[in-house]
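Student: Before anything else, here's the structure in question.
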Amino acid sequence: MLKLGIIGTNWITQQFIDAAKASGEWALTSVYSRRLDRADEFAGQNGVSETFDDLDKFFSNGHFDAVYIASPNSVHFSQAKLAIEHGKHVIVEKPAVANQAEFEALDELLRAHPGVLYFEAARQVHEENFKLIQAKLRTMDRIQGATLTYMKYSSRYDAVLDGQEPNVFSLKFAGGALQDLGVYLAYDAVAWFGMPDDVAYYPTLGPTKVDDSGVAILRYPSFNVTLNTGKSSNSYLPSEIYGLKDTIVMDNAAELGQVTYHRADGKTDNLGVAPDKNPMLAEARDFAAVINDPASHAKDYQAWRQLSRNVNKLLFNLRQSAHLYFSDAERDTPAE
Ligand SMILES: NC(=O)c1ccc[n+]([C@@H]2O[C@H](COP(=O)([O-])OP(=O)(O)OC[C@H]3O[C@@H](n4cnc5c(N)ncnc54)[C@H](OP(=O)(O)O)[C@@H]3O)[C@@H](O)[C@H]2O)c1
């Protein structure tokens, strides 16, 4: 059984712990929170007692093999760095980093710590319906583009309208719609179609100056892919991938609950399967499999790392195209 430590005590951490437990591969052992009473409360709810409010002590003295990091985006880098330096495997929530420079610095650090594995928790990549779409695309004669949508009114947007700045709507915390929900669409696009030749992002900035919503256009040699994302309204639009006379339709490009293949003859096939009740179950299983036997899963691991590298590069290039910067240093860094 692999031992798990966690950073961040919001609902998403509980969902990952539940998935990890359900996989039968993981046992939670250690909880870090900035406040010890919060760490104790969260640990107590999960039946464990090893708690910390000091990050160095958490990594030095905590009895765990891997850390799951679900903190605000801007602190992923420093926390992952500390984990790697302490020889702990890393599972970091999406987006793994705030920018390209951070991704490259972690790449270098990982090269110096070859025994440490690092995963971006891009849950949909590990889910069955995502892979079924990927496999179907390989059988289609011609791809002519896609329109992918993921827009959900955020539970924190009322606070934004009230004049507050929750982390996910803050430039300081590397927030905004593209980083938060857009990352799922970026994963779809890069995994299914590869890296685009050229990109442009047209954000709608909100009261806190992040992109409350936005439209991204990814240009491929023979088609375009449009990404619609947002956290200040709800969209009920399905998403589509266009073949010649055939089309793949998803109820939702990130949640992938229902996937239908509209054939050239007008008939439809149900392409997907019923998703897991806990959408993080598949990734919890996959990460455990790699950690338990890295040699047998080296190909998958390298493929996920490359995908993560490309997706984070794409997010950075999209923000650069919109002059949407998290720091002054980013202003001087050209898109790749
Ligand atoms: N995969 C998914 O489906 C999914 C869903 C939601 C979120 N996420 C990702 O999970 C991450 C966390 O998102 P969230 O909405 O939960 O963020 P959040 O509520 O702003 O923060 C998450 C946790 O980080 C700690 N934290 C808060 N402010 C902090 C600060 N200034 N410095 C250091 N730690 C701080 C808090 O834990 P303590 O108070 O205990 O320290 C908090 O519970 C993000 O990267 C997000 O993209 C993924």
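Chain identifiers are assigned as A, B, and so on, following the order in which chains appear in the structure tokens; residues are numbered from 1 within each chain, and ligands are numbered from 1 in order of appearance.
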Near stretch 317-333 of chain A, counting only C-alpha atoms, which residues have an atom at most 8 Å away, once you skip same-chain residues fewer than 2 positions from it, shown as a PyMOL selection string?

Tutor: chain A and resi 98+171-174+199-203+210+216+313-315+335-336

Student: Export, as an mmCIF file, in the first residue's frame, the selected residues with N, CA, C and O atoms.

Tutor:
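Output contents, as saved in selection38.cif:
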```cif
data_model
loop_
_atom_site.group_PDB
_atom_site.id
_atom_site.type_symbol
_atom_site.label_atom_id
_atom_site.label_comp_id
_atom_site.auth_asym_id
_atom_site.auth_seq_id
_atom_site.Cartn_x
_atom_site.Cartn_y
_atom_site.Cartn_z
ATOM 1 N N ALA A 98 2.692 27.596 -13.070
ATOM 2 C CA ALA A 98 2.099 28.859 -13.500
ATOM 3 C C ALA A 98 2.660 29.307 -14.847
ATOM 4 O O ALA A 98 2.020 30.092 -15.559
ATOM 5 N N LEU A 171 -4.682 37.175 -10.199
ATOM 6 C CA LEU A 171 -3.447 37.060 -10.986
ATOM 7 C C LEU A 171 -2.303 36.601 -10.090
ATOM 8 O O LEU A 171 -1.460 35.805 -10.500
ATOM 9 N N LYS A 172 -2.302 37.090 -8.854
ATOM 10 C CA LYS A 172 -1.241 36.744 -7.897
ATOM 11 C C LYS A 172 -1.172 35.225 -7.677
ATOM 12 O O LYS A 172 -0.105 34.672 -7.451
ATOM 13 N N PHE A 173 -2.317 34.568 -7.735
ATOM 14 C CA PHE A 173 -2.350 33.113 -7.516
ATOM 15 C C PHE A 173 -2.452 32.327 -8.826
ATOM 16 O O PHE A 173 -2.797 31.158 -8.831
ATOM 17 N N ALA A 174 -2.123 33.013 -9.930
ATOM 18 C CA ALA A 174 -2.116 32.359 -11.257
ATOM 19 C C ALA A 174 -3.486 31.758 -11.582
ATOM 20 O O ALA A 174 -3.598 30.622 -12.041
ATOM 21 N N VAL A 199 -1.424 30.136 -32.041
ATOM 22 C CA VAL A 199 -2.549 30.229 -31.102
ATOM 23 C C VAL A 199 -2.879 31.685 -30.801
ATOM 24 O O VAL A 199 -2.025 32.564 -30.888
ATOM 25 N N ALA A 200 -4.137 31.919 -30.445
ATOM 26 C CA ALA A 200 -4.545 33.247 -29.990
ATOM 27 C C ALA A 200 -5.627 33.073 -28.936
ATOM 28 O O ALA A 200 -6.482 32.199 -29.062
ATOM 29 N N TYR A 201 -5.554 33.897 -27.909
ATOM 30 C CA TYR A 201 -6.546 33.843 -26.834
ATOM 31 C C TYR A 201 -7.196 35.220 -26.713
ATOM 32 O O TYR A 201 -6.503 36.242 -26.678
ATOM 33 N N TYR A 202 -8.540 35.208 -26.668
ATOM 34 C CA TYR A 202 -9.296 36.452 -26.557
ATOM 35 C C TYR A 202 -10.068 36.413 -25.235
ATOM 36 O O TYR A 202 -11.184 35.901 -25.177
ATOM 37 N N PRO A 203 -9.449 36.925 -24.164
ATOM 38 C CA PRO A 203 -10.088 36.827 -22.854
ATOM 39 C C PRO A 203 -11.077 37.964 -22.620
ATOM 40 O O PRO A 203 -10.959 39.042 -23.208
ATOM 41 N N VAL A 210 -8.432 39.076 -14.024
ATOM 42 C CA VAL A 210 -8.154 37.790 -14.673
ATOM 43 C C VAL A 210 -9.204 37.589 -15.762
ATOM 44 O O VAL A 210 -10.184 38.338 -15.852
ATOM 45 N N ALA A 216 -10.294 30.691 -27.200
ATOM 46 C CA ALA A 216 -8.950 30.439 -27.750
ATOM 47 C C ALA A 216 -9.109 29.814 -29.116
ATOM 48 O O ALA A 216 -9.987 28.967 -29.325
ATOM 49 N N LYS A 313 2.846 24.528 -21.878
ATOM 50 C CA LYS A 313 3.411 25.456 -22.870
ATOM 51 C C LYS A 313 2.283 26.161 -23.632
ATOM 52 O O LYS A 313 2.311 27.363 -23.862
ATOM 53 N N LEU A 314 1.281 25.387 -23.998
ATOM 54 C CA LEU A 314 0.146 25.970 -24.729
ATOM 55 C C LEU A 314 -0.562 27.029 -23.868
ATOM 56 O O LEU A 314 -0.866 28.125 -24.363
ATOM 57 N N LEU A 315 -0.801 26.716 -22.605
ATOM 58 C CA LEU A 315 -1.471 27.692 -21.727
ATOM 59 C C LEU A 315 -0.649 28.976 -21.646
ATOM 60 O O LEU A 315 -1.188 30.086 -21.698
ATOM 61 N N ALA A 335 6.779 33.898 -26.079
ATOM 62 C CA ALA A 335 6.099 32.612 -26.284
ATOM 63 C C ALA A 335 7.006 31.756 -27.155
ATOM 64 O O ALA A 335 7.809 32.264 -27.936
ATOM 65 N N GLU A 336 6.875 30.426 -27.005
ATOM 66 C CA GLU A 336 7.720 29.529 -27.814
ATOM 67 C C GLU A 336 6.987 29.082 -29.065
ATOM 68 O O GLU A 336 5.813 28.767 -28.990
#
```

Student: Go through stretch 94-298 of chain A and collect every residue that DSSP, computed from the backbone, puts in alpha helix (DSSP H); the answer should be as a PyMOL selection string.

Tutor: chain A and resi 100-112+128-139+157-161+177+183-193+281-292+298

Student: Please list as a ChimeraX atom specification every residue within 12 Å of stretch 43-59 of chain A, counting only C-alpha atoms and excluding residues in the same chain fewer than 5 positions away.

Tutor: /A:3-9,13-15,17-18,21,27-38,64-67,69,78-90

Student: Atom CA of A:Ala22 to atom CA of A:Glu93: how many Å, to one decimal?

Tutor: 19.0 Å

Student: Atom CA of A:Ala122 and atom CA of A:Met195 are how many Å apart?

Tutor: 17.1 Å

Student: Atom CA of A:Pro279 to atom CA of A:Gly243: how many Å, to one decimal?

Tutor: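 It comes out at 28.1 Å.
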